[in-house]
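Everything below belongs to protein06.pdb, which stores PDB, C-alpha atoms.
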```pdb
ATOM      1  CA  GLN A  16      96.916  71.777  93.750
ATOM      2  CA  VAL A  17      97.720  75.464  93.400
ATOM      3  CA  GLN A  18     101.068  76.707  94.657
ATOM      4  CA  LEU A  19     102.643  80.140  94.942
ATOM      5  CA  VAL A  20     106.396  80.078  94.389
ATOM      6  CA  GLU A  21     108.321  83.179  95.421
ATOM      7  CA  SER A  22     111.761  84.306  94.305
ATOM      8  CA  GLY A  23     114.009  87.348  94.434
ATOM      9  CA  GLY A  24     114.675  87.793  98.133
ATOM     10  CA  GLY A  25     118.106  88.372  99.602
ATOM     11  CA  LEU A  26     120.447  90.931 101.097
ATOM     12  CA  VAL A  27     120.292  94.536  99.896
ATOM     13  CA  GLN A  28     121.905  97.722 101.144
ATOM     14  CA  PRO A  29     119.846 100.627 102.433
ATOM     15  CA  GLY A  30     118.706 102.765  99.522
ATOM     16  CA  GLY A  31     118.992  99.861  97.123
ATOM     17  CA  SER A  32     116.391  97.986  95.087
ATOM     18  CA  LEU A  33     115.061  94.467  94.939
ATOM     19  CA  ARG A  34     112.267  92.769  92.989
ATOM     20  CA  LEU A  35     110.220  89.902  94.355
ATOM     21  CA  SER A  36     108.299  87.564  92.084
ATOM     22  CA  CYS A  37     105.495  85.149  92.869
ATOM     23  CA  ALA A  38     104.350  82.645  90.285
ATOM     24  CA  ALA A  39     101.141  80.689  90.720
ATOM     25  CA  SER A  40     101.088  77.154  89.345
ATOM     26  CA  GLY A  41      98.371  74.566  89.055
ATOM     27  CA  SER A  42      94.824  74.568  87.803
ATOM     28  CA  ILE A  43      93.824  78.228  87.782
ATOM     29  CA  PHE A  44      90.966  80.014  86.061
ATOM     30  CA  SER A  45      91.507  83.277  87.923
ATOM     31  CA  ILE A  46      92.792  84.809  91.157
ATOM     32  CA  PHE A  47      91.212  87.818  92.949
ATOM     33  CA  PRO A  48      93.196  89.685  94.324
ATOM     34  CA  MET A  49      96.909  89.015  94.898
ATOM     35  CA  SER A  50      98.913  90.537  97.712
ATOM     36  CA  TRP A  51     102.267  90.795  99.421
ATOM     37  CA  TYR A  52     102.483  90.578 103.198
ATOM     38  CA  ARG A  53     105.551  90.748 105.411
ATOM     39  CA  GLN A  54     106.477  89.671 108.892
ATOM     40  CA  ALA A  55     109.437  91.142 110.722
ATOM     41  CA  PRO A  56     111.005  89.369 113.714
ATOM     42  CA  GLY A  57     108.790  89.725 116.773
ATOM     43  CA  LYS A  58     106.020  91.474 114.839
ATOM     44  CA  GLN A  59     102.689  90.510 113.360
ATOM     45  CA  ARG A  60     102.267  89.831 109.671
ATOM     46  CA  GLU A  61     101.155  92.977 107.866
ATOM     47  CA  LEU A  62      99.808  93.810 104.431
ATOM     48  CA  VAL A  63     102.365  95.513 102.196
ATOM     49  CA  ALA A  64     100.387  95.870  98.977
ATOM     50  CA  ASP A  65      97.619  94.252  97.004
ATOM     51  CA  ILE A  66      96.393  94.344  93.438
ATOM     52  CA  THR A  67      93.072  93.402  91.894
ATOM     53  CA  TYR A  68      92.663  91.431  88.686
ATOM     54  CA  GLY A  69      92.012  94.710  86.919
ATOM     55  CA  GLY A  70      95.174  96.308  88.251
ATOM     56  CA  ASN A  71      93.867  98.515  91.062
ATOM     57  CA  THR A  72      96.489  98.763  93.796
ATOM     58  CA  ASN A  73      96.629  99.478  97.501
ATOM     59  CA  TYR A  74      99.736 100.108  99.626
ATOM     60  CA  ALA A  75     100.661 100.318 103.275
ATOM     61  CA  ASP A  76     101.576 103.886 104.222
ATOM     62  CA  SER A  77     105.099 102.776 105.119
ATOM     63  CA  VAL A  78     105.895 101.705 101.538
ATOM     64  CA  LYS A  79     103.935 104.220  99.448
ATOM     65  CA  GLY A  80     106.143 105.883  96.872
ATOM     66  CA  ARG A  81     108.870 103.261  97.304
ATOM     67  CA  PHE A  82     107.264  99.901  96.443
ATOM     68  CA  THR A  83     105.269  98.984  93.339
ATOM     69  CA  ILE A  84     103.069  95.926  92.964
ATOM     70  CA  SER A  85     102.145  94.592  89.529
ATOM     71  CA  ARG A  86     100.723  91.414  88.063
ATOM     72  CA  ASP A  87     100.696  89.482  84.834
ATOM     73  CA  ASN A  88      97.354  87.807  84.165
ATOM     74  CA  ALA A  89      98.338  86.203  80.896
ATOM     75  CA  LYS A  90      97.153  82.642  80.433
ATOM     76  CA  ASN A  91      99.282  80.137  82.345
ATOM     77  CA  THR A  92     101.241  82.967  83.985
ATOM     78  CA  ASN A  93      99.446  84.483  87.000
ATOM     79  CA  THR A  94     102.520  86.182  88.392
ATOM     80  CA  VAL A  95     102.672  89.062  90.849
ATOM     81  CA  TYR A  96     105.709  91.260  91.410
ATOM     82  CA  LEU A  97     106.862  93.613  94.138
ATOM     83  CA  GLN A  98     109.428  96.184  93.050
ATOM     84  CA  MET A  99     111.123  97.532  96.169
ATOM     85  CA  ASN A 100     113.079 100.794  95.767
ATOM     86  CA  ASN A 101     114.891 102.943  98.307
ATOM     87  CA  VAL A 102     114.675 100.146 100.862
ATOM     88  CA  ARG A 103     115.223 100.793 104.549
ATOM     89  CA  PRO A 104     116.436  98.576 107.398
ATOM     90  CA  GLU A 105     112.863  98.496 108.723
ATOM     91  CA  ASP A 106     111.830  96.732 105.498
ATOM     92  CA  THR A 107     113.715  93.662 106.692
ATOM     93  CA  ALA A 108     111.190  90.829 106.947
ATOM     94  CA  VAL A 109     109.960  87.601 105.446
ATOM     95  CA  TYR A 110     107.735  88.546 102.519
ATOM     96  CA  TYR A 111     104.777  86.329 101.709
ATOM     97  CA  CYS A 112     102.765  86.177  98.521
ATOM     98  CA  HIS A 113      99.028  85.676  99.023
ATOM     99  CA  ALA A 114      96.179  84.775  96.711
ATOM    100  CA  ASP A 115      92.914  85.718  98.377
ATOM    101  CA  ARG A 116      90.477  83.822  96.141
ATOM    102  CA  VAL A 117      91.697  81.191  93.701
ATOM    103  CA  PHE A 118      89.086  79.826  91.278
ATOM    104  CA  PRO A 119      90.492  76.629  89.713
ATOM    105  CA  THR A 120      87.980  76.501  86.831
ATOM    106  CA  TYR A 121      85.292  78.627  85.205
ATOM    107  CA  SER A 122      82.694  76.361  86.813
ATOM    108  CA  ASP A 123      84.180  77.149  90.242
ATOM    109  CA  TYR A 124      84.068  80.875  89.421
ATOM    110  CA  VAL A 125      80.398  80.720  88.457
ATOM    111  CA  SER A 126      79.639  78.701  91.573
ATOM    112  CA  ALA A 127      81.766  80.933  93.840
ATOM    113  CA  ARG A 128      83.935  78.001  94.914
ATOM    114  CA  TYR A 129      87.410  79.240  95.808
ATOM    115  CA  PHE A 130      90.253  78.869  98.267
ATOM    116  CA  GLU A 131      93.161  81.012  99.450
ATOM    117  CA  VAL A 132      96.847  80.192  99.104
ATOM    118  CA  TRP A 133     100.016  81.494 100.764
ATOM    119  CA  GLY A 134     103.539  81.354  99.407
ATOM    120  CA  GLN A 135     106.384  79.874 101.440
ATOM    121  CA  GLY A 136     107.961  83.229 102.217
ATOM    122  CA  SER A 137     111.079  84.985 100.970
ATOM    123  CA  LEU A 138     113.552  86.669 103.314
ATOM    124  CA  VAL A 139     114.561  90.240 102.553
ATOM    125  CA  THR A 140     117.365  91.693 104.643
ATOM    126  CA  VAL A 141     118.253  95.375 104.369
ATOM    127  CA  SER A 142     121.654  96.017 105.884
ATOM    128  CA  SER A 143     124.956  97.662 105.106
TER     129      SER A 143
END
```
Take the structure I supplied and represent it as structure tokens, if you would.
Amino acid sequence: QVQLVESGGGLVQPGGSLRLSCAASGSIFSIFPMSWYRQAPGKQRELVADITYGGNTNYADSVKGRFTISRDNAKNTNTVYLQMNNVRPEDTAVYYCHADRVFPTYSDYVSARYFEVWGQGSLVTVSS
């Protein structure tokens, strides 16, 4: 059973910084790719940023230049981070970690057997 456990959410003032972490646990050979989504009250869930195994990144226009996604692929780690700088009230949302394709073993990778996993969500509130 693979789980994504998020941490680092909370209350931050406009212009401040916050770092979210998401650690994957369980039987994992590899994960391609990992992402952060967010859902604000009354809005649809949207992609914030994603990162491939090799480190290629993609950002929503609304966070470019302010947020940075990174990941640690070291054995038994599989952690993705979201560094949020110069936050704005409109960044207030529940942030979800997402693993698009989790391969539990090398055999699963070779056989293209995978599943996706979502984290439980972490609330970020930007307010003075």
Mind giving me the straight-line distance from atom CA of Gly136 of chain A to atom CA of Val109 of chain A in Å, one decimal?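 We find that atom CA of Gly136 of chain A and atom CA of Val109 of chain A lie 5.8 Å from each other.
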Take atom CA of Ile66 of chain A and atom CA of Trp51 of chain A and report the distance between them in Å, one decimal.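 Separating atom CA of Ile66 of chain A from atom CA of Trp51 of chain A is a distance of 9.1 Å.
Counting only C-alpha atoms and comparing A:Met49, A:Val20, A:Ile84, A:Ala108, the residue that lies closest to Ser142 of chain A is A:Ala108.
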I'd like to know which of A:Ser143, A:Glu61, A:Gly134, A:Gln28 is closest to Ser40 of chain A, using all atoms listed in the file.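 Smallest distance to Ser40 of chain A is found for A:Gly134.
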Find the residues around Gln18 of chain A up to 12 Å (only C-alpha atoms counted), leave out those fewer than 3 positions away in its own chain, and share them as a PDB file with C-alpha atoms, keeping the file's coordinate frame.
```pdb
ATOM      1  CA  GLU A  21     108.321  83.179  95.421  1.00  0.00           C
ATOM      2  CA  CYS A  37     105.495  85.149  92.869  1.00  0.00           C
ATOM      3  CA  ALA A  38     104.350  82.645  90.285  1.00  0.00           C
ATOM      4  CA  ALA A  39     101.141  80.689  90.720  1.00  0.00           C
ATOM      5  CA  SER A  40     101.088  77.154  89.345  1.00  0.00           C
ATOM      6  CA  GLY A  41      98.371  74.566  89.055  1.00  0.00           C
ATOM      7  CA  SER A  42      94.824  74.568  87.803  1.00  0.00           C
ATOM      8  CA  ILE A  43      93.824  78.228  87.782  1.00  0.00           C
ATOM      9  CA  ASN A  93      99.446  84.483  87.000  1.00  0.00           C
ATOM     10  CA  THR A  94     102.520  86.182  88.392  1.00  0.00           C
ATOM     11  CA  CYS A 112     102.765  86.177  98.521  1.00  0.00           C
ATOM     12  CA  HIS A 113      99.028  85.676  99.023  1.00  0.00           C
ATOM     13  CA  ALA A 114      96.179  84.775  96.711  1.00  0.00           C
ATOM     14  CA  VAL A 117      91.697  81.191  93.701  1.00  0.00           C
ATOM     15  CA  PRO A 119      90.492  76.629  89.713  1.00  0.00           C
ATOM     16  CA  PHE A 130      90.253  78.869  98.267  1.00  0.00           C
ATOM     17  CA  GLU A 131      93.161  81.012  99.450  1.00  0.00           C
ATOM     18  CA  VAL A 132      96.847  80.192  99.104  1.00  0.00           C
ATOM     19  CA  TRP A 133     100.016  81.494 100.764  1.00  0.00           C
ATOM     20  CA  GLY A 134     103.539  81.354  99.407  1.00  0.00           C
ATOM     21  CA  GLN A 135     106.384  79.874 101.440  1.00  0.00           C
TER      22      GLN A 135
END
```
Taking the file as shown, what set of residues would the PyMOL selection byres ((chain A and resi 46) around 6) give back, as a PyMOL selection string? chain A and resi 45+47-48+116-117
